[in-house]
file work-v3.txt (compact mmCIF, C-alpha atoms)
# COMPACT_ATOMS: atom_id res chain seq x y z
CA MET U 1 -76.98 223.08 -26.53
CA LYS U 2 -77.86 219.43 -26.03
CA THR U 3 -80.08 219.48 -29.10
CA ILE U 4 -77.24 220.82 -31.25
CA ASN U 5 -74.83 218.11 -30.08
CA LEU U 6 -77.41 215.40 -30.68
CA GLY U 7 -78.03 216.67 -34.21
CA ILE U 8 -74.32 216.63 -34.99
CA VAL U 9 -74.02 213.07 -33.71
CA LEU U 10 -77.00 211.92 -35.78
CA ILE U 11 -75.59 213.60 -38.89
CA LEU U 12 -72.26 211.84 -38.37
CA LEU U 13 -73.97 208.49 -37.87
CA PHE U 14 -76.10 209.06 -40.97
CA SER U 15 -73.04 209.86 -43.09
CA ILE U 16 -71.26 206.74 -41.80
CA ASN U 17 -74.24 204.57 -42.75
CA LEU U 18 -74.34 206.07 -46.25
CA SER U 19 -70.70 205.20 -46.88
CA ALA U 20 -71.27 201.68 -45.52
CA GLN U 21 -74.06 201.07 -48.01
CA HIS U 22 -71.69 201.79 -50.90
CA ARG U 23 -68.94 199.34 -50.06
CA GLY U 24 -70.83 196.69 -48.04
CA ASN U 25 -70.65 195.82 -44.36
CA TYR U 26 -68.17 192.98 -44.79
CA ASN U 27 -65.42 195.42 -45.66
CA GLU U 28 -65.80 197.75 -42.68
CA ILE U 29 -63.78 195.72 -40.21
CA THR U 30 -60.87 195.21 -42.58
CA GLN U 31 -60.22 198.75 -43.73
CA ASP U 32 -61.58 202.22 -43.09
CA ILE U 33 -60.34 204.36 -45.96
CA SER U 34 -62.19 207.15 -47.72
CA ARG U 35 -63.58 206.27 -51.14
CA GLN U 36 -62.64 209.80 -52.24
CA ASN U 37 -58.94 208.98 -51.92
CA ILE U 38 -59.35 205.80 -53.96
CA LEU U 39 -61.45 207.17 -56.80
CA SER U 40 -59.93 210.63 -57.21
CA SER U 41 -57.54 211.23 -60.06
CA GLY U 42 -54.43 213.40 -60.06
CA ASN U 43 -51.49 212.82 -57.74
CA ALA U 44 -53.21 210.25 -55.51
CA GLN U 45 -51.40 206.90 -55.69
CA ILE U 46 -53.17 203.63 -56.28
CA TYR U 47 -54.04 202.06 -52.95
CA ASN U 48 -54.22 198.43 -54.01
CA PRO U 49 -50.66 196.96 -53.75
CA THR U 50 -51.57 194.11 -56.10
CA VAL U 51 -52.39 196.57 -58.86
CA GLN U 52 -49.17 198.46 -58.23
CA HIS U 53 -47.16 195.26 -58.50
CA GLN U 54 -48.86 194.29 -61.77
CA ILE U 55 -48.29 197.71 -63.34
CA ASN U 56 -44.61 197.77 -62.35
CA LYS U 57 -43.99 194.12 -63.18
CA THR U 58 -40.70 193.46 -64.95
CA LEU U 59 -40.78 191.18 -67.99
CA TYR U 60 -37.90 188.80 -68.63
CA PRO U 61 -37.55 187.68 -72.29
CA SER U 62 -36.96 183.99 -72.93
CA ASN U 63 -36.83 181.63 -75.90
CA VAL U 64 -39.13 179.23 -74.02
CA LEU U 65 -42.77 179.79 -75.00
CA THR U 66 -45.54 179.21 -72.46
CA VAL U 67 -49.26 178.88 -73.18
CA ASP U 68 -51.20 178.91 -69.89
CA VAL U 69 -54.98 179.14 -70.32
CA LYS U 70 -57.79 178.85 -67.76
CA ALA U 71 -61.53 178.47 -68.27
CA LEU U 72 -64.42 178.62 -65.79
CA GLN U 73 -68.10 177.82 -66.20
CA ASN U 74 -70.88 178.75 -63.79
CA VAL U 75 -73.53 176.03 -63.79
CA SER U 76 -76.91 176.17 -62.09
CA ALA U 77 -77.80 173.00 -60.24
CA THR U 78 -80.25 170.64 -61.88
CA THR U 79 -81.63 169.46 -58.53
CA TYR U 80 -81.14 170.27 -54.86
CA THR U 81 -81.44 168.11 -51.77
CA ALA U 82 -82.19 169.69 -48.39
CA ILE U 83 -81.52 167.56 -45.30
CA PHE U 84 -83.31 168.26 -42.00
CA ASN U 85 -82.69 166.50 -38.71
CA VAL U 86 -85.74 165.56 -36.63
CA SER U 87 -85.58 164.46 -33.00
CA GLN U 88 -88.58 162.98 -31.17
CA MET U 89 -88.90 161.76 -27.60
CA GLY U 90 -91.69 159.69 -26.06
CA PRO U 91 -92.56 157.55 -23.03
CA SER U 92 -92.45 154.28 -25.01
CA ALA U 93 -91.06 153.01 -28.27
CA GLU U 94 -94.51 152.79 -29.85
CA LYS U 95 -95.53 156.30 -28.77
CA THR U 96 -92.22 157.80 -29.92
CA ASN U 97 -92.52 156.21 -33.33
CA GLN U 98 -96.16 157.35 -33.61
CA LEU U 99 -95.30 160.98 -32.79
CA MET U 100 -92.45 160.96 -35.28
CA LYS U 101 -94.68 159.49 -38.00
CA GLU U 102 -97.32 162.15 -37.43
CA ARG U 103 -94.78 164.94 -37.86
CA ILE U 104 -93.27 163.40 -41.00
CA ASP U 105 -96.67 162.76 -42.57
CA SER U 106 -97.71 166.35 -41.89
CA ILE U 107 -94.57 167.61 -43.64
CA LYS U 108 -95.26 165.34 -46.61
CA ARG U 109 -98.84 166.60 -46.96
CA ARG U 110 -97.76 170.22 -46.94
CA LEU U 111 -94.99 169.56 -49.47
CA ASN U 112 -97.32 167.58 -51.71
CA ALA U 113 -99.47 170.71 -51.98
CA LYS U 114 -96.34 172.48 -53.30
CA ARG U 115 -95.74 169.81 -55.99
CA ILE U 116 -93.04 168.01 -54.02
CA THR U 117 -94.26 164.42 -54.10
CA GLN U 118 -93.51 161.27 -52.12
CA LYS U 119 -90.80 160.19 -54.56
CA ASP U 120 -88.88 163.40 -53.75
CA ILE U 121 -88.75 162.62 -50.00
CA ALA U 122 -86.61 160.00 -48.25
CA ILE U 123 -86.27 159.15 -44.55
CA ASP U 124 -82.93 158.18 -43.03
CA VAL U 125 -83.14 156.71 -39.50
CA ILE U 126 -80.17 157.89 -37.46
CA SER U 127 -80.76 156.50 -33.95
CA PHE U 128 -83.42 155.00 -31.69
CA ILE U 129 -82.19 154.78 -28.10
CA PRO U 130 -83.71 154.63 -24.59
CA ILE U 131 -83.43 157.61 -22.24
CA TYR U 132 -82.25 156.81 -18.72
CA GLU U 133 -82.71 158.68 -15.48
CA VAL U 134 -81.05 158.09 -12.12
CA GLU U 135 -83.38 156.65 -9.49
CA VAL U 136 -82.41 156.91 -5.82
CA THR U 137 -83.35 153.98 -3.57
CA LYS U 138 -83.20 154.76 0.15
CA LYS U 139 -82.30 151.99 2.54
CA LEU U 140 -81.83 151.92 6.27
CA PHE U 141 -78.11 152.71 6.29
CA SER U 142 -77.39 153.65 2.64
CA LYS U 143 -78.63 154.96 -0.69
CA THR U 144 -78.33 153.31 -4.10
CA TYR U 145 -78.40 155.09 -7.44
CA SER U 146 -79.67 153.12 -10.44
CA GLU U 147 -80.28 154.05 -14.08
CA VAL U 148 -83.79 153.20 -15.19
CA PRO U 149 -85.35 153.77 -18.66
CA LYS U 150 -87.84 156.63 -18.69
CA GLY U 151 -88.49 156.97 -22.42
CA PHE U 152 -87.03 156.77 -25.89
CA GLU U 153 -85.44 159.18 -28.37
CA LEU U 154 -85.78 158.73 -32.14
CA GLN U 155 -83.67 160.72 -34.61
CA GLN U 156 -84.28 160.79 -38.34
CA ASN U 157 -83.05 162.81 -41.29
CA ILE U 158 -85.51 163.98 -43.92
CA HIS U 159 -84.05 164.23 -47.44
CA ILE U 160 -86.15 166.54 -49.62
CA GLN U 161 -85.29 166.93 -53.29
CA PHE U 162 -86.44 169.94 -55.32
CA SER U 163 -85.55 171.50 -58.67
CA LYS U 164 -86.44 175.19 -58.25
CA THR U 165 -85.01 177.55 -55.69
CA ASN U 166 -88.39 179.17 -55.01
CA GLN U 167 -89.57 175.81 -53.58
CA TYR U 168 -87.08 176.18 -50.75
CA GLU U 169 -89.28 178.63 -48.86
CA ALA U 170 -92.20 176.19 -48.97
CA ILE U 171 -89.93 173.46 -47.58
CA LEU U 172 -88.78 175.65 -44.69
CA GLU U 173 -92.37 176.61 -43.91
CA ALA U 174 -93.59 173.01 -43.95
CA CYS U 175 -90.81 171.92 -41.60
CA ALA U 176 -91.25 174.88 -39.26
CA GLN U 177 -94.99 174.16 -38.95
CA ASN U 178 -94.02 170.77 -37.50
CA GLU U 179 -91.24 172.12 -35.24
CA VAL U 180 -88.40 170.96 -37.47
CA TYR U 181 -85.73 173.66 -37.50
CA ASN U 182 -82.42 171.81 -37.77
CA LEU U 183 -81.29 172.21 -41.39
CA VAL U 184 -78.20 170.04 -41.81
CA LYS U 185 -77.16 171.06 -45.35
CA VAL U 186 -78.29 171.61 -48.94
CA ASP U 187 -76.57 169.59 -51.67
CA TYR U 188 -76.31 170.65 -55.33
CA TYR U 189 -76.42 168.15 -58.21
CA ILE U 190 -75.64 168.56 -61.91
CA GLU U 191 -76.67 166.23 -64.70
CA ASN U 192 -74.28 165.53 -67.61
CA ILE U 193 -71.24 167.13 -66.00
CA GLN U 194 -69.13 165.60 -68.77
CA GLU U 195 -70.80 167.96 -71.23
CA VAL U 196 -69.58 170.87 -69.12
CA TYR U 197 -66.00 169.58 -69.18
CA LYS U 198 -66.26 169.00 -72.94
CA ASN U 199 -67.41 172.57 -73.46
CA LEU U 200 -64.47 173.87 -71.38
CA GLN U 201 -62.07 171.75 -73.44
CA ASN U 202 -63.37 173.29 -76.66
CA GLU U 203 -63.00 176.79 -75.25
CA LEU U 204 -59.43 176.08 -74.16
CA LEU U 205 -58.50 174.60 -77.55
CA LYS U 206 -59.68 177.81 -79.23
CA LEU U 207 -57.53 179.86 -76.88
CA ILE U 208 -54.49 177.67 -77.47
CA GLU U 209 -54.81 178.06 -81.26
CA GLU U 210 -55.10 181.83 -80.84
CA LYS U 211 -51.97 181.89 -78.68
CA LYS U 212 -50.02 179.79 -81.19
CA SER U 213 -51.12 182.08 -84.02
CA TYR U 214 -49.97 185.04 -81.94
CA TYR U 215 -46.51 183.52 -81.48
CA LYS U 216 -46.38 182.68 -85.17
CA ALA U 217 -47.15 186.30 -86.03
CA LEU U 218 -44.20 187.30 -83.84
CA GLY U 219 -41.92 185.11 -85.96
CA PHE U 220 -41.77 181.86 -84.00
CA ASN U 221 -42.02 178.59 -85.91
CA MET U 222 -43.78 176.18 -83.59
CA ALA U 223 -42.47 173.21 -85.58
CA ASN U 224 -39.02 173.95 -84.15
CA TYR U 225 -40.19 173.45 -80.55
CA ASP U 226 -40.74 170.45 -78.30
CA VAL U 227 -43.90 170.65 -76.17
CA ALA U 228 -44.69 169.55 -72.59
CA ILE U 229 -48.20 169.63 -71.14
CA ALA U 230 -49.94 169.75 -67.74
CA ASP U 231 -53.70 170.02 -67.19
CA ASP U 232 -56.15 170.10 -64.30
CA LYS U 233 -59.89 170.28 -63.65
CA TYR U 234 -61.99 170.98 -60.55
CA CYS U 235 -65.55 171.45 -59.35
CA TYR U 236 -66.58 173.65 -56.42
CA PHE U 237 -69.97 173.88 -54.73
CA PRO U 238 -71.52 176.93 -53.00
CA LYS U 239 -70.92 175.49 -49.52
CA ASP U 240 -67.18 175.98 -50.13
CA PHE U 241 -67.48 179.74 -50.61
CA TYR U 242 -69.55 181.18 -47.77
CA GLN U 243 -67.68 183.71 -45.66
CA SER U 244 -68.68 185.42 -42.44
CA TYR U 245 -68.44 188.95 -41.09
CA GLN U 246 -69.74 191.04 -38.20
CA ALA U 247 -71.43 194.43 -38.46
CA TYR U 248 -69.11 197.31 -37.60
CA ASN U 249 -71.61 199.45 -35.60
CA SER U 250 -71.88 198.31 -31.99
CA THR U 251 -73.59 201.23 -30.23
CA SER U 252 -77.25 201.90 -29.59
CA VAL U 253 -78.72 205.05 -31.17
CA GLU U 254 -81.65 204.80 -28.75
CA ALA U 255 -79.26 205.47 -25.87
CA LEU U 256 -78.17 208.72 -27.52
CA SER U 257 -81.74 209.89 -28.07
CA LYS U 258 -82.60 209.28 -24.40
CA ASN U 259 -79.45 211.09 -23.25
CA LYS U 260 -78.12 207.96 -21.60
CA GLY U 261 -74.71 206.38 -21.65
CA VAL U 262 -73.56 204.48 -24.71
CA THR U 263 -74.49 200.81 -24.53
CA THR U 264 -72.90 198.10 -26.57
CA VAL U 265 -74.98 195.59 -28.49
CA LYS U 266 -74.15 192.09 -29.64
CA LYS U 267 -72.57 192.00 -33.09
CA GLN U 268 -74.49 189.61 -35.27
CA THR U 269 -72.46 187.24 -37.41
CA SER U 270 -73.63 187.28 -41.01
CA TYR U 271 -72.70 185.13 -43.99
CA TYR U 272 -72.48 185.90 -47.68
CA TYR U 273 -71.70 183.96 -50.84
CA GLN U 274 -68.29 184.81 -52.33
CA PRO U 275 -67.65 182.73 -55.48
CA LEU U 276 -64.41 182.49 -57.43
CA THR U 277 -63.48 185.80 -59.03
CA TYR U 278 -62.64 186.05 -62.71
CA GLU U 279 -59.40 188.04 -62.88
CA THR U 280 -57.17 184.97 -63.41
CA TYR U 281 -59.36 183.32 -66.08
CA ASP U 282 -59.06 183.70 -69.84
CA VAL U 283 -62.67 182.72 -70.53
CA VAL U 284 -65.75 182.53 -68.28
CA VAL U 285 -68.94 180.82 -69.44
CA ASN U 286 -72.13 182.26 -67.89
CA PRO U 287 -70.27 185.00 -65.98
CA SER U 288 -73.34 186.85 -64.66
CA ILE U 289 -74.95 184.96 -61.78
CA LEU U 290 -77.85 185.79 -59.51
CA GLU U 291 -77.92 182.81 -57.16
CA PRO U 292 -75.22 180.46 -55.84
CA VAL U 293 -73.95 178.16 -58.58
CA VAL U 294 -71.58 175.27 -59.08
CA GLN U 295 -68.24 176.50 -60.48
CA ILE U 296 -66.39 174.11 -62.78
CA GLY U 297 -62.94 174.97 -64.08
CA MET U 298 -60.19 173.59 -66.26
CA ASN U 299 -56.56 174.64 -66.76
CA ILE U 300 -54.08 173.68 -69.48
CA LYS U 301 -50.43 174.69 -69.55
CA LEU U 302 -48.12 174.09 -72.53
CA VAL U 303 -44.39 174.76 -72.47
CA PHE U 304 -42.57 174.96 -75.82
CA THR U 305 -38.78 174.57 -75.67
CA PRO U 306 -36.51 174.91 -78.73
CA LYS U 307 -35.44 171.65 -80.28
CA PRO U 308 -31.68 171.03 -80.02
CA LYS U 309 -29.85 171.89 -83.23
CA GLU U 310 -28.48 168.95 -85.20
CA GLN U 311 -24.68 168.87 -85.10
CA LYS U 312 -22.81 167.79 -88.22
CA PRO U 313 -20.65 164.69 -87.64
CA THR U 314 -16.89 165.29 -87.33
CA PRO U 315 -15.07 163.86 -90.41
CA VAL U 316 -12.96 160.79 -89.64
CA VAL U 317 -9.30 161.14 -90.69
CA GLU U 318 -7.80 157.82 -91.81
CA THR U 319 -4.11 157.25 -91.26
CA LYS U 320 -2.59 155.08 -94.03
CA ILE U 321 0.77 153.49 -93.47
CA ASP U 322 2.76 152.71 -96.60
CA HIS U 323 5.05 149.74 -95.85
CA LYS U 324 8.33 149.19 -97.74
CA TYR U 325 10.28 145.94 -97.81
CA TYR U 326 14.02 145.46 -98.70
CA VAL U 327 16.04 142.34 -99.69
CA ILE U 328 19.67 142.04 -98.68
CA SER U 329 21.95 139.48 -100.38
CA PRO U 330 23.06 136.57 -98.23
CA ASN U 331 26.75 137.27 -98.72
CA GLY U 332 26.47 140.57 -96.95
CA ALA U 333 26.73 142.71 -99.97
CA ILE U 334 25.54 146.22 -99.48
CA ASP U 335 23.50 146.10 -102.66
CA VAL U 336 20.03 146.65 -101.19
CA LYS U 337 16.99 146.40 -103.39
CA GLU U 338 13.43 147.42 -102.59
CA LEU U 339 10.86 144.63 -102.80
CA ASN U 340 7.82 145.71 -104.79
CA THR U 341 4.70 144.19 -103.15
CA LYS U 342 2.05 146.20 -105.04
CA ASN U 343 1.92 143.96 -108.05

call {"tool": "encode", "arguments": {"input": "work-v3.txt", "output": "structure tokens"}}
result
Amino acid sequence: MKTINLGIVLILLFSINLSAQHRGNYNEITQDISRQNILSSGNAQIYNPTVQHQINKTLYPSNVLTVDVKALQNVSATTYTAIFNVSQMGPSAEKTNQLMKERIDSIKRRLNAKRITQKDIAIDVISFIPIYEVEVTKKLFSKTYSEVPKGFELQQNIHIQFSKTNQYEAILEACAQNEVYNLVKVDYYIENIQEVYKNLQNELLKLIEEKKSYYKALGFNMANYDVAIADDKYCYFPKDFYQSYQAYNSTSVEALSKNKGVTTVKKQTSYYYQPLTYETYDVVVNPSILEPVVQIGMNIKLVFTPKPKEQKPTPVVETKIDHKYYVISPNGAIDVKELNTKN
């Protein structure tokens, strides 16, 4: 009976692991929904609320035309720079510096064998300070505590530049052989980044012309519109897009096989590279990537508003007053004559 229960448990665990391999471990802690319900057709509703909102989106017609285009280019770095921190302690300043130099020189020799030369390595001195310890001096009626120098600590950063990602393993091995394990960061560099922006501009201009031709085919005369513009550009490096997750399974299978109680194990924190996704972009240059890349983007938004119609001027009505003058005789006679002033 115990064997049957153990087999059922192992089958369940095996089926759980199979489903995890399909959708990735990072997704297990956020949702636990059967893939059958998502992928099956028929009466099953779409699970993703974003997709539902997009399908049922209501369009509102307007006489204001908007051209909003976005372009993204994935660019492999031209060179990389790995920075390692090295800490060395010694009984004296001379001995500390000597020990540090021996470790650095050993790293340089190993890297030189991997075609990473002296010009690709730079040393940045961070600190060189004495190390103090407390010394207790006993007297007849008291004790005194004094700090006295017992040695020195030297910290340096090693900057190692390389151009191919497969050289990174050789760098890690050379540093590890000399007990250097503290990797500070890896920087990515691109030559001629202006050429990348120029290429994105050309791609966006093509899209804008296509959009304007589309509106023209719908019967809009772009000459009758005033235009306003807004644009933006950005550059993101791989260090900006690493996310973390923890494995979902936290029980020991070994405990089940030995018929012991379930024991919990420490969940390891893992990291993965999650670059910008493409659903909001109109064009993506070099979309298929294998290794972390630098992502450079550019957006342009044009808003076309109808020009105000010219109003015809209101005709001005002139009021002409025709004056008449009369002459009356001095003797008071009623004989009144009109004075003609037009001649």

call {"tool": "closest_residue", "arguments": {"input": "work-v3.txt", "among": "U:Val86, U:Leu59, U:Val67, U:Val75", "to": "Phe237 of chain U", "atoms": "all atoms listed in the file"}}
result
U:Val75

call {"tool": "closest_residue", "arguments": {"input": "work-v3.txt", "among": "U:Val196, U:Ile131, U:Val184, U:Val285", "to": "Lys239 of chain U", "atoms": "only C-alpha atoms"}}
result
U:Val184

call {"tool": "atom_distance", "arguments": {"input": "work-v3.txt", "atom1": "atom CA of Val64 of chain U", "atom2": "atom CA of Leu205 of chain U"}}
result
20.2 Å

call {"tool": "atom_distance", "arguments": {"input": "work-v3.txt", "atom1": "atom CA of Thr96 of chain U", "atom2": "atom CA of Ala176 of chain U"}}
result
19.5 Å

call {"tool": "atom_distance", "arguments": {"input": "work-v3.txt", "atom1": "atom CA of Asn97 of chain U", "atom2": "atom CA of Gln177 of chain U"}}
result
19.0 Å

call {"tool": "residues_around", "arguments": {"input": "work-v3.txt", "residues": "Thr305 of chain U", "least_positions_apart": "3", "cutoff": "7 Å", "atoms": "only C-alpha atoms", "output": "PyMOL selection string"}}
result
chain U and resi 64-65+225-227

call {"tool": "closest_residue", "arguments": {"input": "work-v3.txt", "among": "U:Leu172, U:Val294, U:Ile289, U:Ala113", "to": "Thr78 of chain U", "atoms": "all atoms listed in the file"}}
result
U:Val294

call {"tool": "residues_around", "arguments": {"input": "work-v3.txt", "residues": "Glu179 of chain U", "least_positions_apart": "6", "cutoff": "12 Å", "atoms": "only C-alpha atoms", "output": "CSV table (one decimal) with C-alpha atoms, keeping the file's coordinate frame"}}
result
chain,number,residue,atom,x,y,z
U,84,PHE,CA,-83.3,168.3,-42.0
U,85,ASN,CA,-82.7,166.5,-38.7
U,86,VAL,CA,-85.7,165.6,-36.6
U,87,SER,CA,-85.6,164.5,-33.0
U,88,GLN,CA,-88.6,163.0,-31.2
U,100,MET,CA,-92.4,161.0,-35.3
U,102,GLU,CA,-97.3,162.2,-37.4
U,103,ARG,CA,-94.8,164.9,-37.9
U,104,ILE,CA,-93.3,163.4,-41.0
U,106,SER,CA,-97.7,166.4,-41.9
U,107,ILE,CA,-94.6,167.6,-43.6
U,172,LEU,CA,-88.8,175.6,-44.7
U,173,GLU,CA,-92.4,176.6,-43.9

call {"tool": "axis_aligned_box", "arguments": {"input": "work-v3.txt", "around": "segment 296-308 of chain U", "padding_each_side": "3 Å", "output": "AutoDock Vina command-line options"}}
result
--center_x -49.0 --center_y 173.0 --center_z -71.5 --size_x 40.7 --size_y 9.9 --size_z 23.5

call {"tool": "closest_residue", "arguments": {"input": "work-v3.txt", "among": "U:Arg110, U:His159, U:Lys267, U:Lys57", "to": "Ala122 of chain U", "atoms": "all atoms listed in the file"}}
result
U:His159

call {"tool": "closest_residue", "arguments": {"input": "work-v3.txt", "among": "U:Lys95, U:Arg115, U:Lys309, U:Lys301", "to": "Leu154 of chain U", "atoms": "all atoms listed in the file"}}
result
U:Lys95

call {"tool": "residues_around", "arguments": {"input": "work-v3.txt", "residues": "Phe152 of chain U", "least_positions_apart": "6", "cutoff": "7 Å", "atoms": "only C-alpha atoms", "output": "list of chain:residue names"}}
result
U:Met89, U:Gly90, U:Pro91, U:Ser92, U:Ala93, U:Thr96, U:Ile129, U:Pro130, U:Ile131

call {"tool": "residues_around", "arguments": {"input": "work-v3.txt", "residues": "Ile123 of chain U", "least_positions_apart": "2", "cutoff": "10 Å", "atoms": "only C-alpha atoms", "output": "short mmCIF file (atom, residue, chain, number, x, y, z; two decimals) with C-alpha atoms, keeping the file's coordinate frame"}}
result
data_model
loop_
_atom_site.label_atom_id
_atom_site.label_comp_id
_atom_site.auth_asym_id
_atom_site.auth_seq_id
_atom_site.Cartn_x
_atom_site.Cartn_y
_atom_site.Cartn_z
CA ILE U 83 -81.52 167.56 -45.30
CA PHE U 84 -83.31 168.26 -42.00
CA ILE U 104 -93.27 163.40 -41.00
CA ILE U 121 -88.75 162.62 -50.00
CA VAL U 125 -83.14 156.71 -39.50
CA ILE U 126 -80.17 157.89 -37.46
CA GLN U 156 -84.28 160.79 -38.34
CA ASN U 157 -83.05 162.81 -41.29
CA ILE U 158 -85.51 163.98 -43.92
CA HIS U 159 -84.05 164.23 -47.44
CA ILE U 160 -86.15 166.54 -49.62
#

call {"tool": "closest_residue", "arguments": {"input": "work-v3.txt", "among": "U:Asn192, U:Asn199, U:Thr165, U:Thr280", "to": "Asp68 of chain U", "atoms": "all atoms listed in the file"}}
result
U:Thr280

call {"tool": "residues_near_point", "arguments": {"input": "work-v3.txt", "point": "(-80.1, 172.7, -58.7)", "cutoff": "8 Å", "atoms": "all atoms listed in the file", "output": "number ranges by chain"}}
result
U: 76-80, 162-165, 188-190
